[in-house]
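One file, input25.cif, carrying mmCIF, C-alpha atoms:
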data_start
#
loop_
_atom_site.label_atom_id
_atom_site.label_comp_id
_atom_site.auth_asym_id
_atom_site.auth_seq_id
_atom_site.Cartn_x
_atom_site.Cartn_y
_atom_site.Cartn_z
CA MET A 1 90.72 78.75 81.57
CA ARG A 2 92.57 77.45 84.64
CA HIS A 3 94.10 74.44 83.00
CA MET A 4 97.53 75.73 81.97
CA PHE A 5 99.28 75.13 85.30
CA ASN A 6 98.24 72.42 87.69
CA GLU A 7 99.63 69.64 89.80
CA GLY A 8 100.80 67.70 86.78
CA THR A 9 102.64 70.60 85.13
CA SER A 10 106.16 69.54 84.12
CA ILE A 11 109.35 71.34 83.11
CA ASP A 12 108.61 70.43 79.50
CA ASP A 13 105.12 71.98 79.80
CA LEU A 14 106.67 75.25 81.00
CA LYS A 15 109.18 75.20 78.15
CA GLU A 16 106.47 74.54 75.60
CA PHE A 17 104.34 77.36 76.99
CA MET A 18 107.08 79.96 77.31
CA ALA A 19 109.40 79.41 74.33
CA PRO A 20 107.08 80.60 71.52
CA PHE A 21 105.92 83.56 73.59
CA VAL A 22 109.35 84.86 74.64
CA ALA A 23 110.59 84.41 71.06
CA ARG A 24 108.19 87.19 70.08
CA LEU A 25 109.78 89.40 72.75
CA GLY A 26 113.26 88.71 71.39
CA TYR A 27 114.35 86.01 73.88
CA LYS A 28 115.09 82.30 74.06
CA PHE A 29 115.90 79.83 76.82
CA ASN A 30 119.48 80.00 78.07
CA THR A 31 121.79 77.65 76.19
CA GLU A 32 122.88 76.23 79.59
CA THR A 33 120.18 73.56 79.72
CA GLU A 34 121.01 72.23 83.19
CA PHE A 35 120.69 75.72 84.59
CA VAL A 36 117.36 76.21 82.77
CA ASP A 37 116.03 72.98 84.30
CA GLU A 38 117.19 74.07 87.76
CA VAL A 39 115.33 77.38 87.48
CA LEU A 40 112.18 75.74 86.10
CA GLU A 41 112.31 73.11 88.85
CA SER A 42 112.30 75.96 91.37
CA GLU A 43 109.36 77.54 89.57
CA LEU A 44 107.42 74.29 89.84
CA GLU A 45 108.10 74.21 93.60
CA ILE A 46 106.81 77.77 93.84
CA LEU A 47 103.80 76.83 91.70
CA ALA A 48 102.97 74.02 94.12
CA GLN A 49 103.24 76.41 97.10
CA THR A 50 101.54 79.48 95.68
CA GLY A 51 99.58 78.56 92.55
CA ASP A 52 101.69 80.61 90.15
CA ILE A 53 105.15 80.59 88.58
CA TYR A 54 106.80 83.49 90.39
CA CYS A 55 110.45 84.37 89.77
CA PRO A 56 112.60 82.12 91.98
CA CYS A 57 115.17 84.90 92.46
CA ARG A 58 112.88 87.58 93.90
CA ILE A 59 110.73 87.71 96.99
CA ARG A 60 106.97 88.05 96.81
CA SER A 61 105.61 91.10 98.58
CA GLU A 62 102.28 89.41 99.47
CA ASP A 63 100.59 92.25 97.55
CA PRO A 64 98.97 90.27 94.70
CA LYS A 65 99.00 93.20 92.27
CA GLU A 66 102.65 93.99 92.88
CA ASP A 67 103.58 90.29 92.71
CA LEU A 68 102.07 89.93 89.23
CA LYS A 69 105.16 91.80 88.01
CA ILE A 70 107.39 88.90 88.98
CA VAL A 71 105.38 86.10 87.40
CA CYS A 72 107.67 84.39 84.91
CA PRO A 73 108.40 85.55 82.24
CA CYS A 74 108.72 89.11 83.60
CA ILE A 75 110.56 90.42 80.53
CA PRO A 76 107.92 92.99 79.47
CA PHE A 77 108.24 94.85 82.78
CA TYR A 78 112.03 95.18 82.56
CA ARG A 79 112.72 94.96 78.85
CA ASP A 80 115.17 97.89 78.73
CA GLU A 81 117.25 96.69 81.70
CA PHE A 82 117.23 93.07 80.55
CA ALA A 83 118.26 94.08 77.01
CA ALA A 84 121.25 95.89 78.57
CA ILE A 85 122.41 92.74 80.41
CA LYS A 86 121.25 90.48 77.52
CA LYS A 87 119.21 88.24 79.82
CA CYS A 88 116.35 88.25 82.28
CA TRP A 89 117.24 88.65 85.94
CA CYS A 90 117.60 84.89 86.57
CA GLY A 91 119.29 84.20 83.27
CA LEU A 92 116.54 81.73 82.39
CA PHE A 93 116.08 83.69 79.16
CA ILE A 94 118.77 85.32 77.02
CA LEU A 95 118.50 87.56 73.97
CA ASN A 96 118.03 85.64 70.71
CA GLU A 97 121.34 87.04 69.43
CA VAL A 98 123.39 85.54 72.31
CA GLU A 99 125.08 82.32 71.18
CA ASP A 100 126.55 81.14 74.48
CA GLY A 101 124.58 81.85 77.65
CA GLU A 102 127.23 80.50 80.03
CA GLU A 103 129.10 83.78 80.28
CA LEU A 104 125.87 85.49 81.31
CA LEU A 105 125.34 83.30 84.37
CA GLY A 106 125.83 85.30 87.51
CA VAL A 107 125.31 89.00 87.53
CA ILE A 108 126.47 91.46 84.99
CA GLU A 109 126.18 95.03 86.16
CA THR A 110 123.81 97.03 84.01
CA PRO A 111 125.77 99.39 81.81
CA GLU A 112 124.31 102.89 81.64
CA GLY A 113 123.71 104.42 78.24
CA SER A 114 121.69 103.57 75.17
CA VAL A 115 120.69 100.01 74.42
CA ASP A 116 118.80 98.32 71.58
CA VAL A 117 115.69 96.77 73.12
CA PRO A 118 113.82 94.07 71.16
CA VAL A 119 110.11 94.91 71.12
CA PHE A 120 108.38 92.54 68.70
CA LEU A 121 108.87 90.62 65.49
CA ALA A 122 108.67 92.68 62.30
CA ASN A 123 105.95 90.35 61.01
CA ASP A 124 103.80 91.09 64.06
CA LEU A 125 103.11 94.69 62.92
CA PRO A 126 101.60 94.85 59.42
CA GLU A 127 102.60 97.67 57.08
CA GLY A 128 100.53 100.83 57.53
CA GLN A 129 99.91 100.21 61.24
CA ILE A 130 101.16 101.62 64.52
CA ARG A 131 101.36 100.02 67.95
CA HIS A 132 102.09 101.04 71.53
CA VAL A 133 104.91 99.31 73.41
CA LYS A 134 106.03 99.81 76.97
CA VAL A 135 109.83 99.95 77.26
CA GLY A 136 110.85 100.30 80.89
CA LYS A 137 108.91 103.34 82.06
CA LYS A 138 108.62 104.78 78.55
CA ASP A 139 105.47 104.60 76.42
CA ILE A 140 106.52 104.38 72.80
CA ALA A 141 104.53 104.07 69.56
CA ILE A 142 106.14 102.13 66.72
CA ALA A 143 104.90 102.62 63.15
CA HIS A 144 105.47 100.44 60.09
CA VAL A 145 105.59 102.48 56.86
CA GLY A 146 106.70 100.86 53.62
CA ASP A 147 109.63 98.67 54.60
CA GLU A 148 110.72 100.89 57.50
CA PHE A 149 109.86 101.18 61.20
CA PHE A 150 109.75 104.41 63.21
CA ALA A 151 109.45 105.03 66.96
CA LEU A 152 108.06 108.09 68.71
CA SER A 153 106.50 108.96 72.04
CA ASN A 154 103.11 107.30 72.45
CA VAL A 155 101.72 110.39 74.15
CA CYS A 156 100.10 113.18 72.13
CA ARG A 157 101.18 116.58 73.49
CA HIS A 158 97.64 117.97 73.26
CA ALA A 159 95.59 115.89 75.69
CA PHE A 160 97.90 112.88 76.20
CA GLY A 161 96.00 110.72 73.68
CA PRO A 162 97.55 107.34 72.75
CA LEU A 163 99.32 107.70 69.39
CA GLY A 164 99.81 103.93 69.28
CA GLU A 165 96.06 103.65 68.77
CA GLY A 166 96.15 106.34 66.08
CA PHE A 167 95.44 106.15 62.37
CA MET A 168 98.25 106.08 59.82
CA GLU A 169 98.37 108.09 56.58
CA GLU A 170 101.73 107.32 55.00
CA HIS A 171 104.30 108.86 57.40
CA VAL A 172 101.71 110.67 59.50
CA VAL A 173 99.99 109.30 62.60
CA ILE A 174 96.68 110.91 63.50
CA CYS A 175 95.88 111.00 67.21
CA PRO A 176 92.65 109.03 67.82
CA TRP A 177 91.35 111.58 70.31
CA HIS A 178 91.36 114.97 68.52
CA GLY A 179 93.12 114.43 65.22
CA TRP A 180 96.50 116.01 65.96
CA ARG A 181 98.95 114.89 63.29
CA TYR A 182 102.60 113.86 63.84
CA ASP A 183 105.26 112.86 61.32
CA VAL A 184 106.56 109.53 62.66
CA ARG A 185 110.00 110.19 61.11
CA ASP A 186 110.85 113.19 63.30
CA GLY A 187 107.95 113.67 65.73
CA THR A 188 107.00 117.06 64.28
CA THR A 189 103.46 118.44 64.30
CA ASP A 190 101.77 121.60 62.98
CA HIS A 191 101.15 122.87 66.47
CA PRO A 192 103.90 125.08 67.92
CA ASN A 193 106.09 123.68 70.73
CA ALA A 194 104.29 120.35 70.63
CA ASP A 195 106.70 118.02 68.80
CA VAL A 196 107.22 114.62 70.40
CA LYS A 197 110.42 112.69 71.03
CA THR A 198 111.55 110.06 68.54
CA TYR A 199 113.78 107.02 69.10
CA PRO A 200 116.18 105.20 66.74
CA VAL A 201 114.82 101.90 65.41
CA ALA A 202 116.67 98.96 63.89
CA VAL A 203 115.45 95.73 62.30
CA ARG A 204 117.76 92.71 62.57
CA ASP A 205 116.93 89.10 61.75
CA GLY A 206 113.23 89.88 61.64
CA GLU A 207 113.20 91.57 65.08
CA VAL A 208 112.41 95.23 65.71
CA PHE A 209 114.66 97.04 68.20
CA VAL A 210 114.15 100.48 69.68
CA SER A 211 117.11 102.32 71.17
CA VAL A 212 116.58 103.92 74.60
CA GLU A 213 118.67 105.18 77.51
CA VAL A 214 118.79 102.71 80.40
CA LYS A 215 119.07 103.30 84.11
CA PRO A 216 119.08 100.20 86.33
CA SER A 217 116.18 100.00 88.79
CA TYR A 218 116.71 96.76 90.68
CA MET B 1 135.25 91.33 107.65
CA GLN B 2 131.57 91.02 108.49
CA VAL B 3 129.80 88.98 105.82
CA ARG B 4 126.05 88.49 105.44
CA LEU B 5 124.10 86.58 102.81
CA PHE B 6 120.40 87.12 102.20
CA ALA B 7 119.01 84.32 100.02
CA LEU B 8 115.88 82.55 98.79
CA SER B 9 115.52 78.78 99.01
CA THR B 10 114.33 78.73 95.38
CA CYS B 11 117.05 80.80 93.73
CA PRO B 12 119.92 79.17 91.78
CA TYR B 13 122.26 82.16 92.19
CA CYS B 14 121.70 82.06 95.93
CA ARG B 15 122.84 78.43 95.95
CA MET B 16 125.90 79.34 93.86
CA THR B 17 126.76 82.20 96.21
CA LYS B 18 126.37 80.02 99.30
CA LYS B 19 128.50 77.30 97.76
CA TYR B 20 131.20 79.82 96.89
CA LEU B 21 131.32 81.31 100.39
CA ASP B 22 131.33 77.81 101.90
CA GLN B 23 134.23 76.80 99.66
CA LEU B 24 136.20 79.79 100.89
CA GLY B 25 135.54 78.60 104.42
CA ILE B 26 134.66 82.04 105.72
CA GLU B 27 132.12 82.70 108.41
CA TYR B 28 128.98 84.52 107.43
CA GLU B 29 125.50 85.26 108.67
CA PHE B 30 122.91 83.45 106.54
CA THR B 31 119.27 84.54 106.17
CA GLU B 32 116.91 82.50 103.98
CA VAL B 33 114.19 85.08 103.61
CA ASP B 34 111.40 83.06 101.97
CA THR B 35 111.40 80.40 104.67
CA LEU B 36 110.90 82.98 107.42
CA GLU B 37 107.42 83.84 108.64
CA GLY B 38 105.59 86.79 110.10
CA ASP B 39 107.58 89.69 111.53
CA GLU B 40 110.91 87.98 110.90
CA ARG B 41 110.13 87.77 107.20
CA THR B 42 108.92 91.38 107.01
CA THR B 43 112.00 92.63 108.85
CA ALA B 44 114.31 90.66 106.55
CA ILE B 45 112.58 91.95 103.39
CA ASP B 46 112.79 95.53 104.70
CA GLU B 47 116.48 95.02 105.42
CA VAL B 48 117.12 93.68 101.89
CA GLN B 49 115.28 96.64 100.39
CA ARG B 50 117.18 99.10 102.52
CA LEU B 51 120.53 97.54 101.59
CA SER B 52 119.99 96.81 97.91
CA GLY B 53 117.14 99.07 96.84
CA GLY B 54 115.15 96.08 95.55
CA LYS B 55 113.78 92.63 96.24
CA SER B 56 116.15 90.65 94.04
CA PHE B 57 118.39 87.93 95.42
CA PRO B 58 121.00 87.02 96.50
CA VAL B 59 122.20 90.06 98.44
CA VAL B 60 125.71 89.80 99.85
CA VAL B 61 126.94 92.34 102.37
CA LEU B 62 130.69 92.60 102.89
CA ASP B 63 131.22 95.21 105.62
CA ASP B 64 129.61 98.26 104.00
CA GLU B 65 129.63 96.96 100.40
CA VAL B 66 126.43 95.47 99.00
CA ILE B 67 126.44 93.08 96.03
CA VAL B 68 123.20 92.05 94.36
CA GLY B 69 123.39 88.76 92.48
CA PHE B 70 126.10 86.12 92.20
CA ASN B 71 129.06 88.32 91.38
CA LYS B 72 132.05 86.08 92.04
CA LYS B 73 134.59 88.54 90.70
CA ARG B 74 133.43 91.38 92.96
CA MET B 75 133.18 89.11 96.02
CA LYS B 76 136.72 87.83 95.39
CA GLU B 77 138.07 91.39 95.06
CA LEU B 78 136.51 92.48 98.34
CA LEU B 79 137.34 89.33 100.27
CA GLU B 80 140.96 89.36 99.15
CA GLY B 81 141.12 93.09 99.87
#

Could I get this file's structure written as structure tokens?
Amino acid sequence: MRHMFNEGTSIDDLKEFMAPFVARLGYKFNTETEFVDEVLESELEILAQTGDIYCPCRIRSEDPKEDLKIVCPCIPFYRDEFAAIKKCWCGLFILNEVEDGEELLGVIETPEGSVDVPVFLANDLPEGQIRHVKVGKKDIAIAHVGDEFFALSNVCRHAFGPLGEGFMEEHVVICPWHGWRYDVRDGTTDHPNADVKTYPVAVRDGEVFVSVEVKPSY
Amino acid sequence: MQVRLFALSTCPYCRMTKKYLDQLGIEYEFTEVDTLEGDERTTAIDEVQRLSGGKSFPVVVLDDEVIVGFNKKRMKELLEG
């Protein structure tokens, strides 16, 4: 399966590979096409030197595990911070909702506070199912019930089971480990002092957003 | 004012920052971290982490102020005092 990137990989190949994937994360290529080509050209140089498409704006640590976090696109690792500045660190990708990417070139300081983070397309989570998403350092489970989406902590308060792998019964998620039950609307459970946190969710233009507090980390 | 620029050879914002400082005609110390090797590279990366708290570029140091990224407005404010 090592045929995706090789000596003949071109800017257009990278675009073709990345565009459909980042669209599902809520992003698109910057509207500044010359800038996009400049960044991708740098990525191709890095590919030739190192064998992978590392971020051209960050230094590799030489620790292969750590460096996997800056292989482009790195959006999933920083999705809360990037949603706050409406672009990835380089500005190669911008949020789908941004019409003109030019004003986002250069650095915009990350505002602190709550931000709507795109997590996936509404069509990617069928009705009656729940899924885990990582948003910054938070583990969140998002459930699709009827025509609504709900977000709550992914971590069961009993034995830290993954609620995102749980079973749905209408508005209740059942923890897959020991059957603890949580209402996805408010995070409540029958067990005392064991409710979980919930997060506001919005659906816009077919994208699901979860609202979280952001603190910049870079 | 003592000005330092830590950059990567591959990074578009680093090029923009360098161009901007060059246009202003000010003197600055320039370190291209990814083209360094061995101890020099390690020392430079440690310095960037100490100054900026991360490994993102460019990092501009204006006396005791540290700017991460190409932030023309902030650089202008500090340079014009």

ask   = What residues come out when you apply the PyMOL selection byres ((chain B) within 6 of (chain A)) to this file, written as a list in words?
value = Thr10, Cys11, Gly54, Lys55, Ser56, Phe57, Gly69, Phe70 and Asn71 of chain B

For the selection just defined, write its residues with C-alpha atoms to a file, as an mmCIF file, keeping the file's coordinate frame.
data_model
loop_
_atom_site.group_PDB
_atom_site.id
_atom_site.type_symbol
_atom_site.label_atom_id
_atom_site.label_comp_id
_atom_site.auth_asym_id
_atom_site.auth_seq_id
_atom_site.Cartn_x
_atom_site.Cartn_y
_atom_site.Cartn_z
ATOM 1 C CA THR B 10 114.330 78.730 95.380
ATOM 2 C CA CYS B 11 117.050 80.800 93.730
ATOM 3 C CA GLY B 54 115.150 96.080 95.550
ATOM 4 C CA LYS B 55 113.780 92.630 96.240
ATOM 5 C CA SER B 56 116.150 90.650 94.040
ATOM 6 C CA PHE B 57 118.390 87.930 95.420
ATOM 7 C CA GLY B 69 123.390 88.760 92.480
ATOM 8 C CA PHE B 70 126.100 86.120 92.200
ATOM 9 C CA ASN B 71 129.060 88.320 91.380
#

remark   = Expressed in Å, the length from atom CA of Arg41 of chain B to atom CA of Leu62 of chain B is 21.6 Å

query = If you count only C-alpha atoms, which residues fall within 8 Å of Arg131 of chain A, apart from same-chain ones fewer than 3 positions away, as a PyMOL selection string?
reply = chain A and resi 125+141-143+164-165

task = Provide the atom CA of Asn30 of chain A to atom CA of Lys138 of chain A distance in Å, to one decimal place.
result =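 Computing the Euclidean distance for atom CA of Asn30 of chain A and atom CA of Lys138 of chain A yields 27.1 Å.
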
Residues matched by the PyMOL selection byres ((chain A and resi 200-203) around 9) as a list of chain:residue names = A:Asp116, A:Leu121, A:Ala122, A:Ile142, A:Glu148, A:Phe149, A:Phe150, A:Ala151, A:Leu152, A:Thr198, A:Tyr199, A:Arg204, A:Asp205, A:Gly206, A:Glu207, A:Val208, A:Phe209, A:Val210, A:Ser211, A:Val212

note = Using only C-alpha atoms, the shortest atom-to-atom distance to Ala44 of chain B among B:Met16, B:Leu5, B:Leu79, B:Val68 belongs to B:Leu5

inquiry  = Restricting the calculation to all atoms listed in the file: of A:Trp180, A:Phe77, A:Tyr27, A:Phe5, which residue gets closest to Pro118 of chain A?
reply    = A:Tyr27

key: Result set of the PyMOL selection byres ((chain B and resi 32) around 9) on the coordinates above, as a ChimeraX atom specification   = /B:5-9,30-31,33-36,44

request  = Would you mind listing what lies within 10 Å of Met75 of chain B as a ChimeraX atom specification, with only C-alpha atoms counted and same-chain residues fewer than 3 positions away left out?
outcome  = /B:17,20-21,60-62,65-67,70-72,78-81

Expected file: the selected residues, C-alpha atoms, as an mmCIF file, in the coordinates of the input:
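After the write, again-v3.cif holds the following:
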data_model
loop_
_atom_site.group_PDB
_atom_site.id
_atom_site.type_symbol
_atom_site.label_atom_id
_atom_site.label_comp_id
_atom_site.auth_asym_id
_atom_site.auth_seq_id
_atom_site.Cartn_x
_atom_site.Cartn_y
_atom_site.Cartn_z
ATOM 1 C CA THR B 17 126.760 82.200 96.210
ATOM 2 C CA TYR B 20 131.200 79.820 96.890
ATOM 3 C CA LEU B 21 131.320 81.310 100.390
ATOM 4 C CA VAL B 60 125.710 89.800 99.850
ATOM 5 C CA VAL B 61 126.940 92.340 102.370
ATOM 6 C CA LEU B 62 130.690 92.600 102.890
ATOM 7 C CA GLU B 65 129.630 96.960 100.400
ATOM 8 C CA VAL B 66 126.430 95.470 99.000
ATOM 9 C CA ILE B 67 126.440 93.080 96.030
ATOM 10 C CA PHE B 70 126.100 86.120 92.200
ATOM 11 C CA ASN B 71 129.060 88.320 91.380
ATOM 12 C CA LYS B 72 132.050 86.080 92.040
ATOM 13 C CA LEU B 78 136.510 92.480 98.340
ATOM 14 C CA LEU B 79 137.340 89.330 100.270
ATOM 15 C CA GLU B 80 140.960 89.360 99.150
ATOM 16 C CA GLY B 81 141.120 93.090 99.870
#

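Remark: for Gly187 of chain A, the closest of the candidate residues A:Lys69, A:Asn154, A:Glu169, A:Ala159 is A:Asn154 (distances computed over all atoms listed in the file).
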
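Nearest-residue note for Ala84 of chain A: choosing from A:Ala48, A:Ile130, A:Val117, A:Leu25, the minimum distance belongs to A:Val117, counting only C-alpha atoms.
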
d(atom CA of Glu127 of chain A, atom CA of Val214 of chain A) in Å =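 Between these atoms lies a distance of 28.8 Å.
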
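Minimum distance to Glu27 of chain B across B:Pro58, B:Lys76, B:Met1, B:Asp63 (counting only C-alpha atoms) occurs at B:Met1.
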
Build an axis-aligned box that encloses every atom of segment 14-31 of chain B listed in the file, pad it by 3 Å on each side, and report its centre and edge lengths in Å to one decimal, as lines of an AutoDock Vina configuration file.
center_x = 127.7
center_y = 81.0
center_z = 101.3
size_x = 22.9
size_y = 14.5
size_z = 20.8
